[in-house]
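Source file: my_file_23.txt; contents: compact mmCIF, C-alpha atoms.
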```txt
# COMPACT_ATOMS: atom_id res chain seq x y z
CA MET W 843 -133.97 90.75 8.86
CA THR W 844 -134.26 94.34 7.65
CA VAL W 845 -137.49 95.09 5.81
CA PRO W 846 -136.74 96.74 2.44
CA ASP W 847 -138.00 100.23 1.68
CA VAL W 848 -140.46 99.88 -1.20
CA PHE W 849 -139.34 103.27 -2.53
CA ALA W 850 -135.59 102.56 -2.44
CA PRO W 851 -133.59 101.21 -5.43
CA ALA W 852 -133.67 97.44 -5.91
CA GLN W 853 -132.04 94.83 -8.11
CA LEU W 854 -134.05 92.68 -10.53
CA GLY W 855 -131.58 90.28 -12.08
CA PRO W 856 -129.02 92.44 -13.91
CA VAL W 857 -131.32 95.51 -13.82
CA THR W 858 -131.37 98.19 -11.13
CA LEU W 859 -134.82 99.69 -10.56
CA ARG W 860 -135.26 103.04 -8.83
CA ASN W 861 -137.84 101.48 -6.52
CA ARG W 862 -139.79 98.26 -5.98
CA THR W 863 -143.01 99.29 -7.75
CA VAL W 864 -144.11 97.70 -11.01
CA LYS W 865 -146.88 98.76 -13.37
CA ALA W 866 -148.47 95.41 -14.18
CA ALA W 867 -149.12 94.45 -17.80
CA THR W 868 -152.66 95.53 -18.66
CA PHE W 869 -153.99 95.97 -22.19
CA GLU W 870 -153.40 99.52 -23.35
CA GLY W 871 -155.66 99.40 -26.43
CA ARG W 872 -153.35 101.82 -28.23
CA THR W 873 -151.79 99.75 -31.02
CA PRO W 874 -154.04 99.99 -34.08
CA GLU W 875 -152.64 97.84 -36.88
CA GLY W 876 -150.19 96.34 -34.39
CA GLN W 877 -147.82 99.31 -34.20
CA VAL W 878 -146.51 101.55 -31.43
CA THR W 879 -148.36 104.88 -31.36
CA ASP W 880 -147.87 108.19 -29.61
CA GLY W 881 -150.82 107.16 -27.45
CA LEU W 882 -149.03 104.00 -26.28
CA ILE W 883 -145.90 105.98 -25.49
CA GLY W 884 -147.92 108.59 -23.62
CA TYR W 885 -149.66 105.89 -21.59
CA HIS W 886 -146.35 104.54 -20.30
CA LEU W 887 -144.75 107.95 -19.94
CA ALA W 888 -147.55 108.97 -17.57
CA VAL W 889 -146.78 106.21 -15.06
CA ALA W 890 -143.03 106.49 -15.62
CA ARG W 891 -143.11 110.21 -14.81
CA GLY W 892 -145.43 109.34 -11.95
CA GLY W 893 -142.69 107.44 -10.15
CA ILE W 894 -143.14 103.77 -11.09
CA GLY W 895 -139.93 101.75 -11.02
CA LEU W 896 -140.81 99.42 -13.90
CA THR W 897 -143.60 99.83 -16.44
CA THR W 898 -144.74 96.77 -18.39
CA VAL W 899 -145.95 96.84 -21.99
CA ALA W 900 -148.80 94.46 -22.66
CA TYR W 901 -149.24 92.43 -24.62
CA LEU W 902 -146.50 91.55 -27.18
CA ALA W 903 -147.29 88.48 -29.25
CA VAL W 904 -144.63 86.13 -30.58
CA ALA W 905 -146.70 84.93 -33.57
CA PRO W 906 -149.71 86.13 -35.61
CA GLU W 907 -152.03 83.42 -34.26
CA GLY W 908 -150.86 84.29 -30.75
CA ARG W 909 -152.52 87.72 -30.75
CA THR W 910 -155.62 88.19 -28.64
CA HIS W 911 -157.00 90.23 -31.56
CA ARG W 912 -155.71 91.78 -34.78
CA ASP W 913 -154.46 95.07 -33.33
CA VAL W 914 -151.96 93.46 -30.94
CA ILE W 915 -148.26 94.01 -31.69
CA VAL W 916 -146.44 90.99 -33.11
CA VAL W 917 -142.77 91.43 -32.25
CA GLY W 918 -140.55 91.56 -35.32
CA GLU W 919 -138.57 93.80 -37.64
CA HIS W 920 -141.75 95.60 -38.69
CA SER W 921 -142.44 96.71 -35.09
CA LEU W 922 -138.83 97.31 -33.97
CA ALA W 923 -138.54 101.02 -34.74
CA GLY W 924 -141.67 101.86 -32.77
CA LEU W 925 -140.55 99.76 -29.83
CA VAL W 926 -137.21 101.59 -29.77
CA ARG W 927 -139.06 104.90 -29.69
CA LEU W 928 -141.11 103.63 -26.73
CA THR W 929 -138.17 102.38 -24.66
CA ASP W 930 -136.13 105.52 -25.33
CA ALA W 931 -138.99 107.70 -24.08
CA VAL W 932 -139.45 105.70 -20.87
CA HIS W 933 -135.72 105.60 -20.12
CA GLU W 934 -135.55 109.40 -20.24
CA THR W 935 -137.75 109.45 -17.11
CA GLY W 936 -135.46 107.20 -15.08
CA ALA W 937 -137.90 104.30 -15.10
CA LYS W 938 -137.19 100.87 -16.61
CA ILE W 939 -139.42 99.09 -19.09
CA ALA W 940 -140.56 95.46 -19.42
CA GLY W 941 -142.19 93.74 -22.36
CA GLN W 942 -144.78 91.07 -21.66
CA VAL W 943 -144.02 88.35 -24.21
CA GLY W 944 -146.54 85.67 -24.94
CA HIS W 945 -148.79 83.53 -27.09
CA ALA W 946 -152.51 83.85 -26.33
CA GLY W 947 -153.34 80.27 -27.28
CA PRO W 948 -157.11 79.70 -26.81
CA VAL W 949 -157.58 83.32 -25.66
CA ALA W 950 -156.70 84.46 -29.20
CA ASN W 951 -159.56 85.58 -31.43
CA GLY W 952 -158.94 83.55 -34.57
CA ARG W 953 -161.63 85.33 -36.56
CA SER W 954 -160.15 88.75 -35.79
CA ASN W 955 -156.61 87.52 -36.46
CA GLY W 956 -157.51 85.75 -39.68
CA VAL W 957 -155.83 82.54 -38.50
CA HIS W 958 -157.17 79.80 -36.23
CA ALA W 959 -155.99 79.80 -32.64
CA ILE W 960 -154.09 76.90 -31.09
CA ALA W 961 -154.21 75.43 -27.58
CA ALA W 962 -153.17 72.33 -25.69
CA SER W 963 -156.34 70.58 -26.88
CA LYS W 964 -159.07 71.19 -29.42
CA MET W 965 -161.91 73.31 -28.05
CA PRO W 966 -164.61 75.76 -29.17
CA SER W 967 -163.75 79.45 -28.90
CA PRO W 968 -166.39 81.74 -27.37
CA LEU W 969 -164.47 84.68 -28.84
CA SER W 970 -164.34 83.69 -32.51
CA MET W 971 -167.09 81.05 -32.64
CA GLN W 972 -164.48 78.82 -34.29
CA MET W 973 -162.76 75.66 -33.16
CA VAL W 974 -159.36 76.16 -31.58
CA ARG W 975 -157.07 73.43 -32.86
CA SER W 976 -154.74 71.30 -30.80
CA ALA W 977 -151.11 72.38 -31.15
CA THR W 978 -148.89 69.92 -33.00
CA GLU W 979 -145.28 69.10 -32.21
CA ALA W 980 -144.31 71.34 -35.12
CA ASP W 981 -146.39 74.17 -33.64
CA LEU W 982 -144.67 73.88 -30.27
CA THR W 983 -141.22 73.91 -31.86
CA ARG W 984 -142.18 76.91 -33.96
CA VAL W 985 -143.69 78.81 -31.03
CA THR W 986 -140.63 78.19 -28.85
CA LYS W 987 -138.39 79.55 -31.61
CA ALA W 988 -140.75 82.51 -31.95
CA TYR W 989 -140.31 83.33 -28.25
CA VAL W 990 -136.55 83.33 -28.78
CA ALA W 991 -136.77 85.59 -31.83
CA ALA W 992 -139.12 87.97 -30.01
CA ALA W 993 -136.81 88.07 -27.00
CA ARG W 994 -133.83 88.98 -29.17
CA THR W 995 -135.81 91.72 -30.92
CA LEU W 996 -136.98 93.20 -27.61
CA VAL W 997 -133.40 93.26 -26.31
CA ARG W 998 -132.39 95.11 -29.47
CA ALA W 999 -135.29 97.50 -28.87
CA GLY W 1000 -133.91 98.43 -25.46
CA PHE W 1001 -136.24 96.60 -23.08
CA ASP W 1002 -134.78 95.99 -19.63
CA VAL W 1003 -137.03 93.11 -18.60
CA LEU W 1004 -138.86 90.34 -20.47
CA GLU W 1005 -141.99 88.99 -18.76
CA LEU W 1006 -143.03 85.57 -20.07
CA HIS W 1007 -146.82 85.19 -19.92
CA MET W 1008 -147.63 81.84 -18.31
CA ALA W 1009 -151.05 82.56 -16.79
CA HIS W 1010 -154.71 83.40 -17.59
CA SER W 1011 -155.32 80.37 -19.90
CA TYR W 1012 -152.94 81.69 -22.55
CA LEU W 1013 -151.03 79.01 -24.46
CA ILE W 1014 -148.54 77.96 -21.78
CA SER W 1015 -151.27 78.13 -19.15
CA SER W 1016 -153.60 76.01 -21.29
CA PHE W 1017 -151.01 73.23 -21.13
CA LEU W 1018 -150.73 73.58 -17.35
CA ALA W 1019 -154.50 73.37 -16.72
CA PRO W 1020 -155.65 69.70 -16.74
CA GLY W 1021 -159.16 70.73 -17.73
CA LEU W 1022 -157.85 72.40 -20.89
CA ASN W 1023 -155.09 69.88 -21.60
CA ARG W 1024 -156.73 66.61 -22.59
CA ARG W 1025 -153.83 65.38 -24.72
CA LYS W 1026 -152.63 61.77 -24.60
CA ASP W 1027 -148.97 62.48 -25.29
CA SER W 1028 -145.90 63.58 -23.31
CA TRP W 1029 -147.24 67.16 -23.01
CA ALA W 1030 -150.08 66.06 -20.72
CA GLY W 1031 -150.86 64.04 -17.62
CA SER W 1032 -148.35 64.66 -14.85
CA LEU W 1033 -147.44 68.18 -13.78
CA GLU W 1034 -143.96 67.65 -15.17
CA ASN W 1035 -145.46 66.89 -18.58
CA ARG W 1036 -147.90 69.81 -18.46
CA ALA W 1037 -145.05 72.11 -17.40
CA ARG W 1038 -142.81 71.13 -20.31
CA LEU W 1039 -143.78 73.96 -22.64
CA GLY W 1040 -143.34 76.73 -20.07
CA ARG W 1041 -139.99 75.38 -18.91
CA GLN W 1042 -138.85 74.86 -22.50
CA VAL W 1043 -139.72 78.45 -23.42
CA ALA W 1044 -138.05 79.89 -20.32
CA ARG W 1045 -134.88 77.89 -20.96
CA ALA W 1046 -134.75 78.87 -24.63
CA VAL W 1047 -135.25 82.57 -23.88
CA ARG W 1048 -132.65 82.58 -21.09
CA ASP W 1049 -130.14 80.79 -23.31
CA GLU W 1050 -130.70 83.46 -25.96
CA VAL W 1051 -130.47 86.60 -23.82
CA GLY W 1052 -128.18 85.47 -21.00
CA ASP W 1053 -127.82 88.28 -18.48
CA GLU W 1054 -128.39 91.10 -20.98
CA VAL W 1055 -131.84 91.67 -19.48
CA ALA W 1056 -133.93 90.36 -16.60
CA VAL W 1057 -136.32 87.51 -17.41
CA THR W 1058 -139.46 87.07 -15.30
CA ALA W 1059 -142.70 85.13 -15.66
CA LYS W 1060 -146.32 85.77 -14.80
CA VAL W 1061 -147.70 82.62 -13.15
CA SER W 1062 -151.02 81.62 -11.62
CA LEU W 1063 -151.80 81.41 -7.91
CA SER W 1064 -155.11 79.82 -8.97
CA ASP W 1065 -157.10 79.90 -12.20
CA GLY W 1066 -160.41 80.04 -10.35
CA PHE W 1067 -162.26 77.37 -12.35
CA LYS W 1068 -162.69 73.61 -12.13
CA GLY W 1069 -159.95 72.01 -14.16
CA GLY W 1070 -157.73 75.07 -13.97
CA VAL W 1071 -154.36 75.49 -12.33
CA THR W 1072 -154.75 75.10 -8.57
CA THR W 1073 -152.62 76.81 -5.92
CA ALA W 1074 -150.84 73.51 -5.22
CA ASP W 1075 -150.06 72.98 -8.90
CA GLY W 1076 -149.11 76.62 -9.34
CA LEU W 1077 -146.60 76.42 -6.52
CA ALA W 1078 -145.19 73.11 -7.76
CA TYR W 1079 -144.78 74.62 -11.22
CA ALA W 1080 -143.07 77.69 -9.78
CA GLN W 1081 -140.68 75.41 -7.89
CA LEU W 1082 -139.78 73.67 -11.16
CA LEU W 1083 -139.05 77.06 -12.74
CA GLU W 1084 -136.92 78.01 -9.75
CA GLN W 1085 -135.08 74.70 -9.98
CA ASP W 1086 -134.31 75.39 -13.65
CA GLY W 1087 -132.63 78.69 -12.78
CA THR W 1088 -133.98 80.45 -15.85
CA LEU W 1089 -135.87 83.32 -14.19
CA ASP W 1090 -135.02 86.38 -12.11
CA ALA W 1091 -138.47 86.76 -10.51
CA LEU W 1092 -142.09 85.63 -10.66
CA GLN W 1093 -145.17 87.81 -10.74
CA MET W 1094 -148.10 86.02 -9.12
CA SER W 1095 -151.50 86.48 -10.75
CA GLY W 1096 -154.74 84.52 -10.98
CA GLY W 1097 -157.91 83.93 -12.95
CA SER W 1098 -158.52 82.99 -16.55
CA SER W 1099 -159.24 85.36 -19.42
CA LEU W 1100 -161.15 82.49 -21.00
CA MET W 1101 -163.03 80.97 -18.06
CA ASN W 1102 -163.11 83.37 -15.09
CA PRO W 1103 -161.65 86.86 -15.64
CA MET W 1104 -163.21 88.44 -12.55
CA TYR W 1105 -161.18 86.14 -10.31
CA LEU W 1106 -158.27 88.42 -11.17
CA PHE W 1107 -160.00 91.79 -10.99
CA ARG W 1108 -162.43 91.67 -8.02
CA GLY W 1109 -164.89 94.46 -7.35
CA GLY W 1110 -167.56 95.70 -9.75
CA THR W 1111 -168.86 93.44 -12.53
CA PRO W 1112 -169.63 95.65 -15.56
CA ILE W 1113 -171.56 93.03 -17.55
CA LYS W 1114 -173.51 95.47 -19.75
CA GLU W 1115 -170.45 97.57 -20.62
CA PHE W 1116 -168.35 94.48 -21.28
CA ALA W 1117 -170.99 92.93 -23.54
CA ALA W 1118 -171.38 96.18 -25.48
CA SER W 1119 -167.65 96.16 -26.31
CA MET W 1120 -167.75 92.66 -27.83
CA PRO W 1121 -168.74 91.43 -31.34
CA LEU W 1122 -172.46 90.73 -31.82
CA PRO W 1123 -172.28 86.90 -31.46
CA VAL W 1124 -170.39 87.22 -28.17
CA ARG W 1125 -172.74 89.99 -27.04
CA LEU W 1126 -175.75 87.74 -27.62
CA GLY W 1127 -174.02 84.84 -25.92
CA MET W 1128 -173.42 86.91 -22.80
CA ARG W 1129 -177.17 87.35 -22.40
CA THR W 1130 -177.60 83.61 -21.84
CA PRO W 1131 -177.32 82.03 -18.37
CA VAL W 1132 -173.96 80.52 -19.35
CA GLY W 1133 -172.75 83.88 -20.62
CA ARG W 1134 -173.86 85.70 -17.49
CA SER W 1135 -172.04 83.16 -15.31
CA PHE W 1136 -168.80 84.05 -17.12
CA MET W 1137 -168.65 87.36 -15.22
CA LYS W 1138 -168.65 86.09 -11.63
CA LYS W 1139 -168.85 88.43 -8.67
CA TYR W 1140 -165.95 88.73 -6.22
CA ASP W 1141 -165.91 91.44 -3.60
CA PHE W 1142 -162.85 93.66 -3.63
CA GLU W 1143 -160.47 93.68 -0.72
CA GLU W 1144 -157.00 95.17 -0.43
CA ALA W 1145 -154.20 92.73 -1.45
CA TYR W 1146 -156.74 89.99 -2.19
CA PHE W 1147 -154.10 87.51 -3.40
CA ARG W 1148 -151.92 87.90 -0.30
CA GLU W 1149 -152.88 84.65 1.48
CA LYS W 1150 -152.24 82.47 -1.57
CA ALA W 1151 -149.09 84.44 -2.40
CA LEU W 1152 -147.75 83.77 1.10
CA GLN W 1153 -147.83 80.05 0.28
CA PHE W 1154 -145.60 80.77 -2.72
CA ARG W 1155 -143.33 82.92 -0.55
CA ALA W 1156 -142.94 80.10 1.96
CA GLY W 1157 -142.12 77.57 -0.78
CA LEU W 1158 -139.78 79.58 -2.99
CA SER W 1159 -136.51 81.49 -2.81
CA LEU W 1160 -137.02 83.39 -6.08
CA PRO W 1161 -137.86 87.11 -5.87
CA LEU W 1162 -141.64 87.52 -6.01
CA MET W 1163 -143.90 90.35 -7.20
CA LEU W 1164 -147.18 90.68 -5.29
CA LEU W 1165 -150.15 91.62 -7.49
CA GLY W 1166 -153.83 92.15 -6.81
CA GLY W 1167 -155.58 95.08 -5.18
CA ILE W 1168 -152.57 97.10 -4.06
CA ASN W 1169 -153.62 100.70 -3.56
CA ARG W 1170 -152.24 101.77 -0.19
CA ARG W 1171 -148.82 102.66 1.16
CA ASP W 1172 -149.32 100.46 4.22
CA THR W 1173 -150.20 97.52 1.93
CA MET W 1174 -146.94 98.02 0.05
CA GLU W 1175 -145.01 98.15 3.32
CA GLN W 1176 -146.77 95.00 4.53
CA ALA W 1177 -145.78 93.24 1.31
CA MET W 1178 -142.15 94.06 2.04
CA ALA W 1179 -142.54 92.81 5.61
CA ASP W 1180 -144.08 89.59 4.26
CA GLY W 1181 -140.95 88.94 2.24
CA PHE W 1182 -142.19 89.96 -1.20
CA ASP W 1183 -139.64 91.81 -3.30
CA PHE W 1184 -141.81 94.00 -5.53
CA VAL W 1185 -145.42 95.21 -5.69
CA ALA W 1186 -147.32 95.31 -8.99
CA MET W 1187 -150.18 97.75 -9.60
CA GLY W 1188 -152.71 98.02 -12.42
CA ARG W 1189 -155.99 99.84 -11.93
CA ALA W 1190 -154.59 102.08 -9.19
CA VAL W 1191 -152.07 103.70 -11.55
CA LEU W 1192 -154.49 103.73 -14.47
CA ARG W 1193 -156.69 106.00 -12.35
CA GLU W 1194 -153.73 107.95 -10.93
CA PRO W 1195 -150.54 107.65 -13.00
CA ASP W 1196 -148.65 109.75 -10.42
CA LEU W 1197 -149.77 107.63 -7.46
CA VAL W 1198 -146.30 106.26 -6.66
CA ASN W 1199 -144.84 109.76 -6.39
CA ARG W 1200 -147.72 110.88 -4.19
CA LEU W 1201 -147.42 107.87 -1.90
CA GLN W 1202 -143.66 108.26 -1.62
CA SER W 1203 -143.89 111.96 -0.81
CA GLU W 1204 -146.70 111.24 1.68
CA GLN W 1205 -149.11 113.49 -0.19
CA ALA W 1206 -151.43 110.45 -0.13
CA VAL W 1207 -151.75 107.23 1.81
CA SER W 1208 -154.02 105.50 -0.71
CA GLY W 1209 -155.16 105.64 -4.30
CA VAL W 1210 -158.68 106.70 -5.24
CA CYS W 1211 -159.60 103.87 -7.64
CA ILE W 1212 -163.10 102.60 -6.74
CA HIS W 1213 -162.59 99.15 -8.37
CA CYS W 1214 -165.70 99.46 -10.50
CA ASN W 1215 -163.84 97.65 -13.30
CA ARG W 1216 -165.47 99.76 -15.98
CA CYS W 1217 -161.94 100.17 -17.35
CA MET W 1218 -162.05 96.52 -18.49
CA PRO W 1219 -164.47 97.02 -21.42
CA THR W 1220 -162.38 99.94 -22.73
CA ILE W 1221 -159.42 97.78 -23.73
CA TYR W 1222 -160.40 97.80 -27.41
CA SER W 1223 -160.99 101.56 -27.62
CA GLY W 1224 -158.08 102.86 -25.56
CA THR W 1225 -157.84 101.58 -21.98
CA ARG W 1226 -158.86 104.36 -19.62
CA CYS W 1227 -160.65 105.08 -16.38
CA PRO W 1228 -164.27 106.01 -17.28
CA GLU W 1229 -164.45 108.06 -14.10
CA ILE W 1230 -162.03 110.45 -15.82
CA THR W 1231 -162.37 109.84 -19.58
CA ALA W 1232 -165.74 108.55 -20.68
CA GLU W 1233 -165.37 108.82 -24.47
CA PRO W 1234 -163.28 106.46 -26.64
CA LEU W 1235 -159.82 107.72 -27.48
CA ALA W 1236 -158.70 108.84 -30.93
CA LEU W 1237 -156.18 106.09 -31.71
```
Spit out the file's structure as structure tokens when you get a sec.
Amino acid sequence: MTVPDVFAPAQLGPVTLRNRTVKAATFEGRTPEGQVTDGLIGYHLAVARGGIGLTTVAYLAVAPEGRTHRDVIVVGEHSLAGLVRLTDAVHETGAKIAGQVGHAGPVANGRSNGVHAIAASKMPSPLSMQMVRSATEADLTRVTKAYVAAARTLVRAGFDVLELHMAHSYLISSFLAPGLNRRKDSWAGSLENRARLGRQVARAVRDEVGDEVAVTAKVSLSDGFKGGVTTADGLAYAQLLEQDGTLDALQMSGGSSLMNPMYLFRGGTPIKEFAASMPLPVRLGMRTPVGRSFMKKYDFEEAYFREKALQFRAGLSLPLMLLGGINRRDTMEQAMADGFDFVAMGRAVLREPDLVNRLQSEQAVSGVCIHCNRCMPTIYSGTRCPEITAEPLAL
């Protein structure tokens, strides 16, 4: 079998990408009052001009209580004009653009949003110091319809790809994780029951958009905490999605924004900087032994999810996007040789937006990101690499 060239054009569902590189969805911190800004457009233009095949806008909420915090965009008529301006700008570069569509569930800050968060089961929120309520049947019907409405709006706005967020302990992921889903009804128990919401959303979105755009999902290779989604469950869930025929590709991620965020990032653990960016109650909580254990230490290594991702590759036919510590041209080429269809990059292109062009032209063999993760605490003041831009941005 011929190994694809990572820098050659590739098909993602009905969409042709100029190459197989994807800018992963990472908080931009450039949407004050939940609106597209010149700063958000500039952020995506930088990587689009830098050669990326597909840039992903994060994070687009389907409902007000589904925001991680109050400045997140809720997709609707009020945000449509700005989203059109964003997609038009990216398309002028030759890149394609994806919108990450989701509901944050228990990762939402109910106090910031002014409305209580919902999850599979009732639980305390370390973010808002409120109780997250258990989603009702009416909630789940409403949220599914909200995904459909958001999908239609994003198609109207000119997005090429819709990425459904099904990982990181967000709402769909909270149903999948047995430790977070303690319900006694048909949404809990067996994997098939816990997978109902994700499959229902994917089916509803696909039925709405057909082949107008590509539809993908971000899924978990492992949540990295006891009671979270395991690799075995993650693969079984992915096989159900493949069986349903609703998706064009899967992007494989890991970790939990609620329980173990560093499982996703690996490398430096900027506890002091992260605590300083949080509200006072959370800041104080992070000084406790329980709070300090939240930011676990994982050493960085290139392509750190590869071994788990290979299990997904062996068990699935769907196109797969490899994520996690991809900084080198030889890593990208190895991913193609392994049978992955796309490579997704986050911190590497935050540090060097033109990295893809430089790797393709052989001006570089590797990015220069040092994986200190000090970019993580900047998500509320304009996501940036502190090695380059230390001061908060004017949003």
Counting all atoms listed in the file, the residue of W:Arg862, W:Asn1215, W:Pro856, W:Ala905 that sits nearest Met1174 (chain W):
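Checking each of W:Arg862, W:Asn1215, W:Pro856, W:Ala905 against Met1174 (chain W), counting all atoms listed in the file, the winner is W:Arg862.
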Mind checking which residues fall within 9 Å of Arg872 (chain W), counting only C-alpha atoms, ignoring those fewer than 6 positions away in the same chain, and posting them as a PyMOL selection string?
chain W and resi 878-883+885+913-914+1221-1225+1235+1237
List the spatial neighbours of Ile939 (chain W) as a ChimeraX atom specification - criterion: any atom at most 6 Å away, all atoms listed in the file, same-chain residues fewer than 6 positions off excluded.
/W:896-898,1001-1002
What does the distance from CA of Pro1103 (chain W) to CA of Phe1147 (chain W) come to in Å, to one decimal?
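Between CA of Pro1103 (chain W) and CA of Phe1147 (chain W) the gap works out to 14.4 Å.
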Sort by chain and increasing residue number a table of all residues of region 935-1037 of chain W within 12 Å of region 1104-1118 of chain W, each with its closest pair of atoms and their distance in Å to one decimal, counting all atoms listed in the file, and write it as a tab-separated table.
```
residue	atom	partner	partner_atom	distance
W:Leu969	CA	W:Ala1117	CA	11.8
W:Ala1009	CA	W:Leu1106	CA	10.9
W:His1010	CA	W:Leu1106	CA	8.9
```
Go ahead and compute the interatomic distance for CA of Val889 (chain W) and CA of Ala992 (chain W), in Å to one decimal.
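These two atoms are separated by 24.8 Å.
Between CA of Ala1078 (chain W) and CA of Leu1063 (chain W) the interatomic distance comes to 10.6 Å.
Using only C-alpha atoms, the shortest contact distance between Ser976 (chain W) and any of W:Asn951, W:Asn861, W:Ser1099, W:Asn1023 is found at W:Asn1023.
Shell of Ala1059 (chain W) at 7 Å, with all atoms listed in the file counted and residues fewer than 2 places along the chain excluded, is Glu1005, Leu1006, His1007, Met1008, Val1061, Ala1091, Leu1092 and Gln1093 of chain W.
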Keeping only C-alpha atoms, write the selected residues to a file as a PDB file, keeping the file's coordinate frame.
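Result written to part.pdb:
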```pdb
ATOM      1  CA  GLU W1005    -141.990  88.990 -18.760  1.00  0.00           C
ATOM      2  CA  LEU W1006    -143.030  85.570 -20.070  1.00  0.00           C
ATOM      3  CA  HIS W1007    -146.820  85.190 -19.920  1.00  0.00           C
ATOM      4  CA  MET W1008    -147.630  81.840 -18.310  1.00  0.00           C
ATOM      5  CA  VAL W1061    -147.700  82.620 -13.150  1.00  0.00           C
ATOM      6  CA  ALA W1091    -138.470  86.760 -10.510  1.00  0.00           C
ATOM      7  CA  LEU W1092    -142.090  85.630 -10.660  1.00  0.00           C
ATOM      8  CA  GLN W1093    -145.170  87.810 -10.740  1.00  0.00           C
TER       9      GLN W1093
END
```
Which residue out of W:Gly1157, W:Gly908, W:Gly892, W:Gly1188 has the minimum interatomic distance to Asp981 (chain W) when all atoms listed in the file are used?
W:Gly908
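Of the listed residues W:Ala1080, W:Ala946, W:Leu887, W:Ala1151, the one whose atoms come nearest to Glu907 (chain W) is W:Ala946, with distances taken using only C-alpha atoms.
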Using all atoms listed in the file, can you list as a PyMOL selection string the residues within 10 Å of (-137.1, 87.2, -30.7)?
chain W and resi 904+917-919+943+986-998+1047+1050-1051
Please complete region 1005-1009 of chain W with all heavy atoms and give it back as an mmCIF file, keeping the file's coordinate frame.
```
data_model
loop_
_atom_site.group_PDB
_atom_site.id
_atom_site.type_symbol
_atom_site.label_atom_id
_atom_site.label_comp_id
_atom_site.auth_asym_id
_atom_site.auth_seq_id
_atom_site.Cartn_x
_atom_site.Cartn_y
_atom_site.Cartn_z
ATOM 1 N N GLU W 1005 -141.053 89.745 -19.588
ATOM 2 C CA GLU W 1005 -141.990 88.990 -18.760
ATOM 3 C C GLU W 1005 -142.670 87.939 -19.619
ATOM 4 O O GLU W 1005 -143.408 88.272 -20.559
ATOM 5 C CB GLU W 1005 -143.047 89.922 -18.155
ATOM 6 C CG GLU W 1005 -144.070 89.171 -17.300
ATOM 7 C CD GLU W 1005 -145.232 90.043 -16.868
ATOM 8 O OE1 GLU W 1005 -145.062 90.806 -15.906
ATOM 9 O OE2 GLU W 1005 -146.309 89.969 -17.511
ATOM 10 N N LEU W 1006 -142.425 86.676 -19.328
ATOM 11 C CA LEU W 1006 -143.030 85.570 -20.070
ATOM 12 C C LEU W 1006 -144.423 85.301 -19.504
ATOM 13 O O LEU W 1006 -144.578 85.046 -18.311
ATOM 14 C CB LEU W 1006 -142.155 84.325 -19.970
ATOM 15 C CG LEU W 1006 -140.680 84.510 -20.376
ATOM 16 C CD1 LEU W 1006 -139.916 83.201 -20.198
ATOM 17 C CD2 LEU W 1006 -140.566 85.023 -21.807
ATOM 18 N N HIS W 1007 -145.434 85.350 -20.372
ATOM 19 C CA HIS W 1007 -146.820 85.190 -19.920
ATOM 20 C C HIS W 1007 -147.154 83.709 -19.808
ATOM 21 O O HIS W 1007 -147.259 83.010 -20.812
ATOM 22 C CB HIS W 1007 -147.762 85.877 -20.920
ATOM 23 C CG HIS W 1007 -149.125 86.167 -20.358
ATOM 24 N ND1 HIS W 1007 -149.773 85.315 -19.506
ATOM 25 C CD2 HIS W 1007 -149.962 87.225 -20.530
ATOM 26 C CE1 HIS W 1007 -150.951 85.831 -19.184
ATOM 27 N NE2 HIS W 1007 -151.086 86.992 -19.791
ATOM 28 N N MET W 1008 -147.342 83.250 -18.567
ATOM 29 C CA MET W 1008 -147.630 81.840 -18.310
ATOM 30 C C MET W 1008 -148.908 81.658 -17.503
ATOM 31 O O MET W 1008 -149.066 80.662 -16.793
ATOM 32 C CB MET W 1008 -146.453 81.207 -17.558
ATOM 33 C CG MET W 1008 -145.139 81.239 -18.311
ATOM 34 S SD MET W 1008 -143.839 80.334 -17.416
ATOM 35 C CE MET W 1008 -142.464 80.523 -18.554
ATOM 36 N N ALA W 1009 -149.832 82.603 -17.607
ATOM 37 C CA ALA W 1009 -151.050 82.560 -16.790
ATOM 38 C C ALA W 1009 -152.284 82.817 -17.657
ATOM 39 O O ALA W 1009 -152.197 82.913 -18.885
ATOM 40 C CB ALA W 1009 -150.955 83.590 -15.665
#
```
